[in-house]
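Student: Here's a structure for you.
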There are 2 protein chains.
Amino acid sequence: MTSGVEERDGRRRRGAVARRAALASAVDLGSREGLEAVTIGRLAGATSMSKSGLFAHFGSKEQLQLETIARAREIFTEEVVSRVAGDSGRQRLEALLEAWMSYMEREVFPGGCFFMAASAEWDARPGPVRDAVAAAMTAWLGLLERMVGDAALPGWRSAEQVVFELNAVGIAANWEHQLLRDERVFEKARTAFARILEGRS
Amino acid sequence: MTSGVEERDGRRRRGAVARRAALASAVDLGSREGLEAVTIGRLAGATSMSKSGLFAHFGSKEQLQLETIARAREIFTEEVVSRVAGDSGRQRLEALLEAWMSYMEREVFPGGCFFMAASAEWDARPGPVRDAVAAAMTAWLGLLERMVGDAALPGWRSAEQVVFELNAVGIAANWEHQLLRDERVFEKARTAFARILEGRS
């Protein structure tokens, strides 16, 4: 016999598991087809959850899209940011760049970098989804800037310029890999990173 | 009194003008909201043409999307490629890069670079639209590679690496400008181009 408390706990746990599974599908769908494809109807088709169940969890398409972005940020943090290690600022920056390349190469998101796809899709559509995508990218550029600052690269006048150039290499690697399916792009990206870190400004 | 021939010529001319106007709207819509938004229904709302008139011109949504890409390529050629001038290969490459930046800065397409938006949107959807987008980008990278070859930049082992790095800078400038609306990005992009052209590989 189960008590009322245990029943409620069980429901809550099952609810959290279902929600997490729904968001995992949403993140995959969003990275392959764009966040616009992440709707309660599409998600009902991709998971075993009913539309009404998904609606109870997320309330609206926009809320579902915002939670999808939040979940994608968690995955990016787990797969890239938390892999940073090293004794010096320089080593930690190198570890970050390598984790970022590996995240693209391994296709942690099946459609490539979730955030670059979302940026291109939403940059011209004002509203909370665009704001959430821009906030994610601003946070990434901020992290990169702090780590470039700590790395004390020789020969550069401005950390902001280094951040722009490093980020450019990563964006282009993802773009070329996804569109042209050319694996050599990661070698070119690593060569470019090394050149930037050499500090010839 | 107009002859039958003149009437037919007039109809043909009006047809060509209407088709061109429809494609101009399609290109704008595609650059702002993505090619998926370029449908005969949306275009009927954005122009004074009827759905049946548009259908007679384009036949299908996919054909409309393919013609939109072809028109966007023509505009890119007019606005970027045809502005290349200079006595030396190096000057012509510099002119190309400057025309490319200016095309992004002036927002020739209201949603930023048409092709980068289309790449991110279609890279995971096999079919003729994806193929047309990939062909456009391959042509661009090929042009860049020929011009880098002609420029005889000092100190680089591989033209392909230079092309990757130059293209990365342009992609990132468009991306950061569209998402974060930061105009300083073009100054950073020009600084990065100059550094790459200096040829410190």
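Ordering of the structure tokens sets the chain letters (A, B, ...); residue numbers start at 1 within each chain; ligands are numbered from 1 in the order shown.
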Among stretch 5-196 of chain B, which residues does DSSP mark as helix (DSSP H, G or I) when it is run on the backbone? Keep the chain and numbering as in the structure and answer as an MDAnalysis selection string.

Tutor: chainID B and resid 5:33 35:37 40:46 51:58 61:79 81:83 89:105 114:122 128:151 159:180 185:196

Student: Would you output that residue set with C-alpha atoms, as a short mmCIF file (atom, residue, chain, number, x, y, z; two decimals), in the first residue's frame?

Tutor:
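Result written to out_12.cif:
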```cif
data_model
loop_
_atom_site.label_atom_id
_atom_site.label_comp_id
_atom_site.auth_asym_id
_atom_site.auth_seq_id
_atom_site.Cartn_x
_atom_site.Cartn_y
_atom_site.Cartn_z
CA VAL B 5 1.87 40.59 -81.37
CA GLU B 6 2.05 43.84 -79.39
CA GLU B 7 -0.55 42.53 -76.97
CA ARG B 8 1.44 39.36 -76.40
CA ASP B 9 4.65 41.36 -75.94
CA GLY B 10 2.90 43.63 -73.45
CA ARG B 11 1.60 40.67 -71.45
CA ARG B 12 5.03 39.07 -71.46
CA ARG B 13 6.65 42.29 -70.29
CA ARG B 14 4.07 42.80 -67.51
CA GLY B 15 4.55 39.16 -66.55
CA ALA B 16 8.33 39.60 -66.27
CA VAL B 17 7.90 42.78 -64.18
CA ALA B 18 5.43 41.05 -61.83
CA ARG B 19 7.70 38.02 -61.50
CA ARG B 20 10.66 40.23 -60.66
CA ALA B 21 8.63 42.16 -58.05
CA ALA B 22 7.46 38.88 -56.52
CA LEU B 23 11.06 37.62 -56.30
CA ALA B 24 12.19 40.90 -54.72
CA SER B 25 9.59 40.38 -51.97
CA ALA B 26 10.56 36.72 -51.67
CA VAL B 27 14.24 37.59 -51.20
CA ASP B 28 13.41 40.15 -48.48
CA LEU B 29 11.06 37.77 -46.71
CA GLY B 30 13.59 34.94 -46.95
CA SER B 31 16.39 37.03 -45.48
CA ARG B 32 14.26 38.19 -42.56
CA GLU B 33 12.23 35.11 -41.69
CA LEU B 35 13.23 30.54 -46.80
CA GLU B 36 10.62 28.36 -45.12
CA ALA B 37 8.50 31.51 -44.82
CA ILE B 40 2.97 31.37 -52.34
CA GLY B 41 0.44 32.30 -49.65
CA ARG B 42 2.80 34.63 -47.75
CA LEU B 43 3.95 36.22 -50.98
CA ALA B 44 0.36 36.88 -52.07
CA GLY B 45 -0.08 38.78 -48.78
CA ALA B 46 3.15 40.76 -49.29
CA LYS B 51 -2.17 33.16 -55.19
CA SER B 52 -3.25 31.78 -58.56
CA GLY B 53 -1.10 34.36 -60.40
CA LEU B 54 1.91 33.44 -58.27
CA PHE B 55 1.21 29.76 -58.76
CA ALA B 56 1.15 30.31 -62.54
CA HIS B 57 4.57 31.99 -62.27
CA PHE B 58 6.30 29.55 -59.93
CA LYS B 61 6.71 26.39 -53.14
CA GLU B 62 9.99 24.60 -53.84
CA GLN B 63 10.33 26.17 -57.28
CA LEU B 64 9.62 29.57 -55.71
CA GLN B 65 12.32 28.94 -53.09
CA LEU B 66 14.83 27.87 -55.75
CA GLU B 67 14.13 30.98 -57.83
CA THR B 68 14.44 33.11 -54.70
CA ILE B 69 17.92 31.67 -54.12
CA ALA B 70 18.84 32.30 -57.79
CA ARG B 71 17.68 35.92 -57.50
CA ALA B 72 19.60 36.38 -54.24
CA ARG B 73 22.73 35.11 -56.01
CA GLU B 74 22.24 37.71 -58.76
CA ILE B 75 21.93 40.45 -56.15
CA PHE B 76 25.06 39.22 -54.35
CA THR B 77 26.95 39.26 -57.65
CA GLU B 78 25.78 42.81 -58.42
CA GLU B 79 26.49 44.12 -54.93
CA VAL B 81 31.45 40.43 -56.93
CA SER B 82 30.97 43.06 -59.63
CA ARG B 83 32.48 45.75 -57.39
CA GLY B 89 45.48 40.40 -57.32
CA ARG B 90 46.05 41.74 -53.83
CA GLN B 91 44.08 44.93 -54.57
CA ARG B 92 41.26 42.90 -56.10
CA LEU B 93 41.07 40.65 -53.03
CA GLU B 94 40.99 43.70 -50.76
CA ALA B 95 38.22 45.20 -52.91
CA LEU B 96 36.22 41.97 -52.69
CA LEU B 97 36.51 41.83 -48.90
CA GLU B 98 35.54 45.48 -48.59
CA ALA B 99 32.53 45.02 -50.89
CA TRP B 100 31.51 41.99 -48.82
CA MET B 101 31.69 43.97 -45.57
CA SER B 102 29.81 46.86 -47.12
CA TYR B 103 27.07 44.47 -48.31
CA MET B 104 26.60 43.33 -44.71
CA GLU B 105 26.89 46.80 -43.23
CA PHE B 114 20.72 35.89 -47.30
CA PHE B 115 22.98 32.88 -47.73
CA MET B 116 24.16 32.55 -44.17
CA ALA B 117 20.57 32.61 -42.95
CA ALA B 118 19.59 30.06 -45.59
CA SER B 119 22.59 27.84 -44.73
CA ALA B 120 21.71 27.63 -41.07
CA GLU B 121 18.07 26.98 -41.90
CA TRP B 122 18.58 24.27 -44.55
CA PRO B 128 17.02 20.64 -53.92
CA VAL B 129 16.81 23.76 -51.71
CA ARG B 130 19.68 22.61 -49.52
CA ASP B 131 21.66 21.70 -52.67
CA ALA B 132 21.10 25.17 -54.13
CA VAL B 133 22.23 26.86 -50.92
CA ALA B 134 25.32 24.63 -50.69
CA ALA B 135 26.11 25.32 -54.37
CA ALA B 136 25.93 29.07 -53.75
CA MET B 137 28.32 28.81 -50.81
CA THR B 138 30.69 26.49 -52.67
CA ALA B 139 30.79 29.00 -55.54
CA TRP B 140 31.60 31.77 -53.06
CA LEU B 141 34.40 29.79 -51.42
CA GLY B 142 35.72 28.91 -54.89
CA LEU B 143 35.79 32.57 -55.93
CA LEU B 144 37.55 33.48 -52.70
CA GLU B 145 40.11 30.72 -53.28
CA ARG B 146 40.90 31.91 -56.83
CA MET B 147 41.27 35.49 -55.63
CA VAL B 148 43.45 34.48 -52.68
CA GLY B 149 45.60 32.52 -55.14
CA ASP B 150 45.95 35.60 -57.37
CA ALA B 151 46.76 37.82 -54.41
CA ALA B 159 45.27 29.18 -49.84
CA GLU B 160 42.57 26.94 -48.41
CA GLN B 161 43.52 27.99 -44.87
CA VAL B 162 43.40 31.67 -45.85
CA VAL B 163 39.98 31.17 -47.43
CA PHE B 164 38.70 29.46 -44.28
CA GLU B 165 39.94 32.30 -42.08
CA LEU B 166 38.70 35.14 -44.31
CA ASN B 167 35.30 33.50 -44.67
CA ALA B 168 35.14 32.95 -40.90
CA VAL B 169 35.61 36.66 -40.27
CA GLY B 170 32.78 37.57 -42.66
CA ILE B 171 30.39 34.98 -41.25
CA ALA B 172 31.07 36.14 -37.71
CA ALA B 173 30.62 39.82 -38.63
CA ASN B 174 27.22 39.11 -40.14
CA TRP B 175 26.22 36.87 -37.24
CA GLU B 176 27.24 39.31 -34.51
CA HIS B 177 25.75 42.29 -36.32
CA GLN B 178 22.42 40.60 -36.89
CA LEU B 179 22.08 39.07 -33.43
CA LEU B 180 23.70 41.65 -31.18
CA VAL B 185 31.93 44.34 -35.36
CA PHE B 186 32.79 45.65 -38.83
CA GLU B 187 35.86 47.44 -37.48
CA LYS B 188 36.95 44.19 -35.82
CA ALA B 189 36.33 42.31 -39.06
CA ARG B 190 38.44 44.78 -41.06
CA THR B 191 41.24 44.50 -38.48
CA ALA B 192 41.09 40.71 -38.77
CA PHE B 193 41.17 40.84 -42.60
CA ALA B 194 44.23 43.10 -42.51
CA ARG B 195 45.98 40.73 -40.13
CA ILE B 196 45.24 37.73 -42.35
#
```
